[in-house]
$ cat start_13.pdb   # PDB, C-alpha atoms
ATOM      1  CA  MET A 498    -115.612 -20.406-165.260  1.00  0.00           C
ATOM      2  CA  PHE A 499    -117.465 -22.956-167.402  1.00  0.00           C
ATOM      3  CA  ARG A 500    -120.656 -22.538-165.345  1.00  0.00           C
ATOM      4  CA  PHE A 501    -120.432 -18.781-165.714  1.00  0.00           C
ATOM      5  CA  ALA A 502    -120.165 -19.107-169.515  1.00  0.00           C
ATOM      6  CA  ILE A 503    -123.220 -21.388-169.631  1.00  0.00           C
ATOM      7  CA  ILE A 504    -125.250 -18.994-167.484  1.00  0.00           C
ATOM      8  CA  VAL A 505    -124.277 -16.042-169.675  1.00  0.00           C
ATOM      9  CA  CYS A 506    -125.216 -17.994-172.834  1.00  0.00           C
ATOM     10  CA  LEU A 507    -128.588 -18.990-171.405  1.00  0.00           C
ATOM     11  CA  PHE A 508    -129.294 -15.422-170.348  1.00  0.00           C
ATOM     12  CA  ALA A 509    -128.350 -14.143-173.810  1.00  0.00           C
ATOM     13  CA  LEU A 510    -130.580 -16.731-175.442  1.00  0.00           C
ATOM     14  CA  THR A 511    -133.609 -15.786-173.342  1.00  0.00           C
ATOM     15  CA  ALA A 512    -132.940 -12.085-173.784  1.00  0.00           C
ATOM     16  CA  CYS A 513    -132.940 -12.479-177.566  1.00  0.00           C
ATOM     17  CA  SER A 514    -136.173 -14.444-177.717  1.00  0.00           C
ATOM     18  CA  LYS A 515    -139.350 -12.682-178.777  1.00  0.00           C
ATOM     19  CA  SER A 516    -141.921 -12.046-176.135  1.00  0.00           C
ATOM     20  CA  GLY A 517    -145.667 -12.230-176.546  1.00  0.00           C
ATOM     21  CA  ALA A 518    -147.767 -14.695-178.473  1.00  0.00           C
ATOM     22  CA  PRO A 519    -146.101 -17.671-180.138  1.00  0.00           C
ATOM     23  CA  LYS A 520    -145.607 -17.606-183.879  1.00  0.00           C
ATOM     24  CA  SER A 521    -148.522 -18.989-185.871  1.00  0.00           C
ATOM     25  CA  SER A 522    -148.934 -19.964-189.502  1.00  0.00           C
ATOM     26  CA  VAL A 523    -151.607 -21.369-191.802  1.00  0.00           C
ATOM     27  CA  HIS A 524    -151.467 -23.944-194.572  1.00  0.00           C
ATOM     28  CA  GLU A 525    -154.501 -24.156-196.845  1.00  0.00           C
ATOM     29  CA  VAL A 526    -155.334 -26.258-199.889  1.00  0.00           C
ATOM     30  CA  THR A 527    -156.526 -23.731-202.455  1.00  0.00           C
ATOM     31  CA  GLY A 528    -157.374 -23.595-206.148  1.00  0.00           C
ATOM     32  CA  SER A 529    -160.277 -24.784-208.225  1.00  0.00           C
ATOM     33  CA  SER A 530    -162.675 -27.392-206.893  1.00  0.00           C
ATOM     34  CA  ALA A 531    -160.779 -30.117-208.780  1.00  0.00           C
ATOM     35  CA  GLU A 532    -157.444 -28.909-207.359  1.00  0.00           C
ATOM     36  CA  ARG A 533    -158.820 -28.829-203.823  1.00  0.00           C
ATOM     37  CA  VAL A 534    -160.322 -32.313-204.206  1.00  0.00           C
ATOM     38  CA  ALA A 535    -156.971 -33.628-205.460  1.00  0.00           C
ATOM     39  CA  GLY A 536    -155.101 -31.962-202.577  1.00  0.00           C
ATOM     40  CA  VAL A 537    -157.451 -33.180-199.845  1.00  0.00           C
ATOM     41  CA  SER A 538    -157.660 -36.664-201.403  1.00  0.00           C
ATOM     42  CA  ALA A 539    -153.857 -36.877-201.279  1.00  0.00           C
ATOM     43  CA  ILE A 540    -153.871 -35.954-197.571  1.00  0.00           C
ATOM     44  CA  ILE A 541    -156.537 -38.543-196.727  1.00  0.00           C
ATOM     45  CA  THR A 542    -155.037 -41.270-198.937  1.00  0.00           C
ATOM     46  CA  LYS A 543    -151.911 -41.256-196.737  1.00  0.00           C
ATOM     47  CA  HIS A 544    -154.108 -42.999-194.151  1.00  0.00           C
ATOM     48  CA  LYS A 545    -157.050 -44.549-196.036  1.00  0.00           C
ATOM     49  CA  ALA A 546    -158.310 -44.402-199.610  1.00  0.00           C
ATOM     50  CA  PRO A 547    -161.560 -42.420-199.825  1.00  0.00           C
ATOM     51  CA  PRO A 548    -164.382 -44.969-200.218  1.00  0.00           C
ATOM     52  CA  THR A 549    -166.227 -42.911-202.874  1.00  0.00           C
ATOM     53  CA  ALA A 550    -165.691 -39.940-205.147  1.00  0.00           C
ATOM     54  CA  ILE A 551    -165.276 -36.558-203.475  1.00  0.00           C
ATOM     55  CA  LEU A 552    -167.314 -33.771-205.090  1.00  0.00           C
ATOM     56  CA  ASP A 553    -165.671 -30.831-203.321  1.00  0.00           C
ATOM     57  CA  ALA A 554    -163.170 -30.355-200.503  1.00  0.00           C
ATOM     58  CA  HIS A 555    -161.334 -27.802-198.393  1.00  0.00           C
ATOM     59  CA  PHE A 556    -158.442 -28.120-195.950  1.00  0.00           C
ATOM     60  CA  LEU A 557    -156.912 -25.656-193.515  1.00  0.00           C
ATOM     61  CA  GLU A 558    -154.187 -26.326-190.955  1.00  0.00           C
ATOM     62  CA  GLU A 559    -153.205 -23.810-188.297  1.00  0.00           C
ATOM     63  CA  GLN A 560    -149.833 -24.118-186.570  1.00  0.00           C
ATOM     64  CA  THR A 561    -148.997 -22.406-183.292  1.00  0.00           C
ATOM     65  CA  GLY A 562    -145.277 -22.347-182.513  1.00  0.00           C
ATOM     66  CA  ASP A 563    -142.428 -22.666-184.956  1.00  0.00           C
ATOM     67  CA  GLY A 564    -141.114 -26.022-183.748  1.00  0.00           C
ATOM     68  CA  GLY A 565    -137.678 -24.468-183.269  1.00  0.00           C
ATOM     69  CA  LEU A 566    -137.445 -23.622-179.582  1.00  0.00           C
ATOM     70  CA  GLY A 567    -140.262 -25.760-178.323  1.00  0.00           C
ATOM     71  CA  PRO A 568    -143.093 -27.784-179.793  1.00  0.00           C
ATOM     72  CA  SER A 569    -145.765 -26.702-182.233  1.00  0.00           C
ATOM     73  CA  ASP A 570    -149.473 -27.363-181.905  1.00  0.00           C
ATOM     74  CA  PHE A 571    -151.644 -28.038-184.938  1.00  0.00           C
ATOM     75  CA  ARG A 572    -155.363 -27.687-185.621  1.00  0.00           C
ATOM     76  CA  ALA A 573    -156.715 -29.018-188.917  1.00  0.00           C
ATOM     77  CA  PHE A 574    -160.118 -28.439-190.499  1.00  0.00           C
ATOM     78  CA  TYR A 575    -161.354 -30.517-193.421  1.00  0.00           C
ATOM     79  CA  PHE A 576    -164.546 -30.198-195.432  1.00  0.00           C
ATOM     80  CA  ILE A 577    -165.484 -33.027-197.777  1.00  0.00           C
ATOM     81  CA  GLU A 578    -168.617 -33.176-199.878  1.00  0.00           C
ATOM     82  CA  VAL A 579    -169.835 -36.479-201.284  1.00  0.00           C
ATOM     83  CA  ALA A 580    -173.091 -37.533-202.881  1.00  0.00           C
ATOM     84  CA  PRO A 581    -175.683 -38.117-200.107  1.00  0.00           C
ATOM     85  CA  GLN A 582    -176.196 -41.704-201.294  1.00  0.00           C
ATOM     86  CA  ASP A 583    -172.443 -42.338-200.711  1.00  0.00           C
ATOM     87  CA  VAL A 584    -172.440 -41.283-197.041  1.00  0.00           C
ATOM     88  CA  SER A 585    -173.096 -44.827-195.815  1.00  0.00           C
ATOM     89  CA  GLN A 586    -169.889 -46.035-197.477  1.00  0.00           C
ATOM     90  CA  TRP A 587    -167.959 -43.438-195.490  1.00  0.00           C
ATOM     91  CA  THR A 588    -169.649 -44.231-192.166  1.00  0.00           C
ATOM     92  CA  GLN A 589    -168.973 -47.967-192.653  1.00  0.00           C
ATOM     93  CA  ILE A 590    -165.225 -47.404-192.353  1.00  0.00           C
ATOM     94  CA  LEU A 591    -165.523 -45.106-189.318  1.00  0.00           C
ATOM     95  CA  THR A 592    -165.866 -45.743-185.590  1.00  0.00           C
ATOM     96  CA  PRO A 593    -168.509 -43.795-183.630  1.00  0.00           C
ATOM     97  CA  LEU A 594    -166.902 -41.174-181.389  1.00  0.00           C
ATOM     98  CA  GLY A 595    -168.432 -42.396-178.131  1.00  0.00           C
ATOM     99  CA  THR A 596    -167.868 -39.037-176.410  1.00  0.00           C
ATOM    100  CA  THR A 597    -169.299 -35.577-176.867  1.00  0.00           C
ATOM    101  CA  ALA A 598    -167.758 -33.582-179.690  1.00  0.00           C
ATOM    102  CA  GLU A 599    -166.918 -29.975-178.942  1.00  0.00           C
ATOM    103  CA  TYR A 600    -167.369 -27.324-181.602  1.00  0.00           C
ATOM    104  CA  ASP A 601    -164.286 -25.610-182.949  1.00  0.00           C
ATOM    105  CA  ALA A 602    -163.689 -23.357-185.927  1.00  0.00           C
ATOM    106  CA  PRO A 603    -160.742 -21.832-187.784  1.00  0.00           C
ATOM    107  CA  ALA A 604    -159.293 -18.635-186.295  1.00  0.00           C
ATOM    108  CA  GLN A 605    -160.269 -16.813-189.491  1.00  0.00           C
ATOM    109  CA  PRO A 606    -163.845 -17.823-190.422  1.00  0.00           C
ATOM    110  CA  ARG A 607    -164.325 -19.849-193.599  1.00  0.00           C
ATOM    111  CA  ASP A 608    -167.667 -20.034-195.412  1.00  0.00           C
ATOM    112  CA  TRP A 609    -167.248 -23.794-195.974  1.00  0.00           C
ATOM    113  CA  TRP A 610    -166.958 -24.615-192.244  1.00  0.00           C
ATOM    114  CA  ILE A 611    -170.069 -25.714-190.333  1.00  0.00           C
ATOM    115  CA  ALA A 612    -171.919 -23.098-188.311  1.00  0.00           C
ATOM    116  CA  ARG A 613    -172.159 -23.544-184.562  1.00  0.00           C
ATOM    117  CA  ASP A 614    -175.968 -23.671-184.664  1.00  0.00           C
ATOM    118  CA  THR A 615    -176.039 -26.670-187.064  1.00  0.00           C
ATOM    119  CA  PHE A 616    -173.137 -28.513-185.435  1.00  0.00           C
ATOM    120  CA  ALA A 617    -175.366 -30.625-183.149  1.00  0.00           C
ATOM    121  CA  SER A 618    -177.169 -32.128-186.174  1.00  0.00           C
ATOM    122  CA  LEU A 619    -174.026 -34.059-187.228  1.00  0.00           C
ATOM    123  CA  GLN A 620    -173.235 -37.691-186.451  1.00  0.00           C
ATOM    124  CA  PHE A 621    -169.761 -37.970-184.907  1.00  0.00           C
ATOM    125  CA  TYR A 622    -166.934 -40.432-185.484  1.00  0.00           C
ATOM    126  CA  LYS A 623    -163.276 -40.861-184.489  1.00  0.00           C
ATOM    127  CA  PRO A 624    -160.839 -39.082-186.841  1.00  0.00           C
ATOM    128  CA  ASP A 625    -157.909 -41.527-186.787  1.00  0.00           C
ATOM    129  CA  ILE A 626    -158.813 -43.703-189.792  1.00  0.00           C
ATOM    130  CA  LEU A 627    -158.863 -40.748-192.207  1.00  0.00           C
ATOM    131  CA  THR A 628    -156.321 -38.420-190.575  1.00  0.00           C
ATOM    132  CA  GLY A 629    -153.929 -40.491-188.489  1.00  0.00           C
ATOM    133  CA  ARG A 630    -154.711 -38.247-185.505  1.00  0.00           C
ATOM    134  CA  VAL A 631    -156.600 -39.382-182.416  1.00  0.00           C
ATOM    135  CA  HIS A 632    -157.732 -36.005-181.087  1.00  0.00           C
ATOM    136  CA  GLY A 633    -160.785 -34.441-182.686  1.00  0.00           C
ATOM    137  CA  TRP A 634    -163.837 -35.677-184.555  1.00  0.00           C
ATOM    138  CA  ILE A 635    -165.468 -36.362-187.895  1.00  0.00           C
ATOM    139  CA  GLY A 636    -168.983 -34.941-188.175  1.00  0.00           C
ATOM    140  CA  ILE A 637    -171.234 -36.161-190.963  1.00  0.00           C
ATOM    141  CA  SER A 638    -174.517 -34.828-192.287  1.00  0.00           C
ATOM    142  CA  GLN A 639    -176.431 -37.793-193.719  1.00  0.00           C
ATOM    143  CA  GLN A 640    -178.854 -35.522-195.567  1.00  0.00           C
ATOM    144  CA  THR A 641    -176.352 -33.266-197.370  1.00  0.00           C
ATOM    145  CA  GLY A 642    -173.322 -35.539-197.827  1.00  0.00           C
ATOM    146  CA  ARG A 643    -171.124 -33.023-196.035  1.00  0.00           C
ATOM    147  CA  ILE A 644    -168.287 -34.336-193.906  1.00  0.00           C
ATOM    148  CA  TYR A 645    -166.464 -32.067-191.470  1.00  0.00           C
ATOM    149  CA  ILE A 646    -163.229 -33.124-189.788  1.00  0.00           C
ATOM    150  CA  PHE A 647    -161.482 -31.354-186.938  1.00  0.00           C
ATOM    151  CA  THR A 648    -158.188 -32.632-185.480  1.00  0.00           C
ATOM    152  CA  PHE A 649    -155.621 -31.182-183.140  1.00  0.00           C
ATOM    153  CA  THR A 650    -152.391 -32.041-181.389  1.00  0.00           C
ATOM    154  CA  LYS A 651    -151.731 -31.638-177.685  1.00  0.00           C
TER     155      LYS A 651
END
$ encode --input "start_13.pdb" --output "structure tokens"
Amino acid sequence: MFRFAIIVCLFALTACSKSGAPKSSVHEVTGSSAERVAGVSAIITKHKAPPTAILDAHFLEEQTGDGGLGPSDFRAFYFIEVAPQDVSQWTQILTPLGTTAEYDAPAQPRDWWIARDTFASLQFYKPDILTGRVHGWIGISQQTGRIYIFTFTK
């Protein structure tokens, strides 16, 4: 009888679940430039203090799955702008990636994210020191002072 009750409960649980694509959500740091810089600085400072002033910043995190019945996957996109003369202070704290970086972009395009055709001009580093995540990359443009970070969970 107990087995029958468990089977019925499991069947009811699967019958009530939604079918189709998993739930997804987005968290974005918004506001004025100063508010975005403060928000992104707070995220980075959890792992490492930014080595120089940040002039502008954006952050977007996409979550797939609700974490309730099963895991969630995350993709995060950061944009940090520093003075070009400060780029070397950022690269000094980073480790070169050592593998090929693959382009990725937010599901909904953002004008602050790097275009695919200029992606190859970046120098790539491991993301862990600034994000605490090991999957992804940090891409830096020496000429413009723009730093792009992409991380994900598996």
$ closest_residue --input "start_13.pdb" --among "A:Gly642, A:Pro547, A:Pro603, A:Gly528" --to "Thr628 of chain A" --atoms "all atoms listed in the file"
A:Pro547
$ atom_distance --input "start_13.pdb" --atom1 "atom CA of Gly595 of chain A" --atom2 "atom CA of Asp625 of chain A"
13.7 Å
$ resolve_selection --input "start_13.pdb" --expression "the PyMOL selection byres ((chain A and resi 529-534) around 8)" --output "list in words"
Val526, Thr527, Gly528, Ala535, Gly536, Val537, Ser538, Ile551, Leu552, Asp553, Ala554, His555 and Phe556 of chain A
$ resolve_selection --input "start_13.pdb" --expression "the PyMOL selection byres ((chain A and resi 582) around 10)" --output "JSON list (two decimals) with C-alpha atoms, in the coordinates of the input"
[["chain", "number", "residue", "atom", "x", "y", "z"],
["A", 579, "VAL", "CA", -169.84, -36.48, -201.28],
["A", 580, "ALA", "CA", -173.09, -37.53, -202.88],
["A", 581, "PRO", "CA", -175.68, -38.12, -200.11],
["A", 583, "ASP", "CA", -172.44, -42.34, -200.71],
["A", 584, "VAL", "CA", -172.44, -41.28, -197.04],
["A", 585, "SER", "CA", -173.10, -44.83, -195.82],
["A", 586, "GLN", "CA", -169.89, -46.04, -197.48],
["A", 639, "GLN", "CA", -176.43, -37.79, -193.72],
["A", 640, "GLN", "CA", -178.85, -35.52, -195.57],
["A", 641, "THR", "CA", -176.35, -33.27, -197.37],
["A", 642, "GLY", "CA", -173.32, -35.54, -197.83]]
$ atom_distance --input "start_13.pdb" --atom1 "atom CA of Thr597 of chain A" --atom2 "atom CA of Glu525 of chain A"
27.4 Å
$ residues_around --input "start_13.pdb" --residues "Val523 of chain A" --least-positions-apart "3" --cutoff "7 Å" --atoms "only C-alpha atoms" --output "PDB file with C-alpha atoms, in the coordinates of the input"
ATOM      1  CA  GLU A 558    -154.187 -26.326-190.955  1.00  0.00           C
ATOM      2  CA  GLU A 559    -153.205 -23.810-188.297  1.00  0.00           C
ATOM      3  CA  GLN A 560    -149.833 -24.118-186.570  1.00  0.00           C
TER       4      GLN A 560
END
$ closest_residue --input "start_13.pdb" --among "A:Phe616, A:Phe576, A:Trp609, A:Phe621" --to "Leu591 of chain A" --atoms "only C-alpha atoms"
A:Phe621
$ atom_distance --input "start_13.pdb" --atom1 "atom CA of Ala617 of chain A" --atom2 "atom CA of Thr596 of chain A"
13.1 Å
$ axis_aligned_box --input "start_13.pdb" --around "segment 549-558 of chain A" --padding-each-side "8 Å" --output "lines of an AutoDock Vina configuration file"
center_x = -160.8
center_y = -34.3
center_z = -198.1
size_x = 29.1
size_y = 33.3
size_z = 30.2
$ resolve_selection --input "start_13.pdb" --expression "the PyMOL selection byres ((chain A and resi 615) around 12)" --output "list in words"
Tyr600, Trp610, Ile611, Ala612, Arg613, Asp614, Phe616, Ala617, Ser618, Leu619, Gln620, Gly636, Ile637, Ser638 and Tyr645 of chain A
$ closest_residue --input "start_13.pdb" --among "A:Thr549, A:Thr592, A:Thr561, A:Thr542" --to "Ile635 of chain A" --atoms "all atoms listed in the file"
A:Thr592
$ closest_residue --input "start_13.pdb" --among "A:Gly629, A:Ala550, A:His544, A:His524" --to "Trp587 of chain A" --atoms "all atoms listed in the file"
A:Ala550
$ closest_residue --input "start_13.pdb" --among "A:Ile646, A:Lys545, A:Ser522, A:Trp634" --to "Ala604 of chain A" --atoms "all atoms listed in the file"
A:Ser522
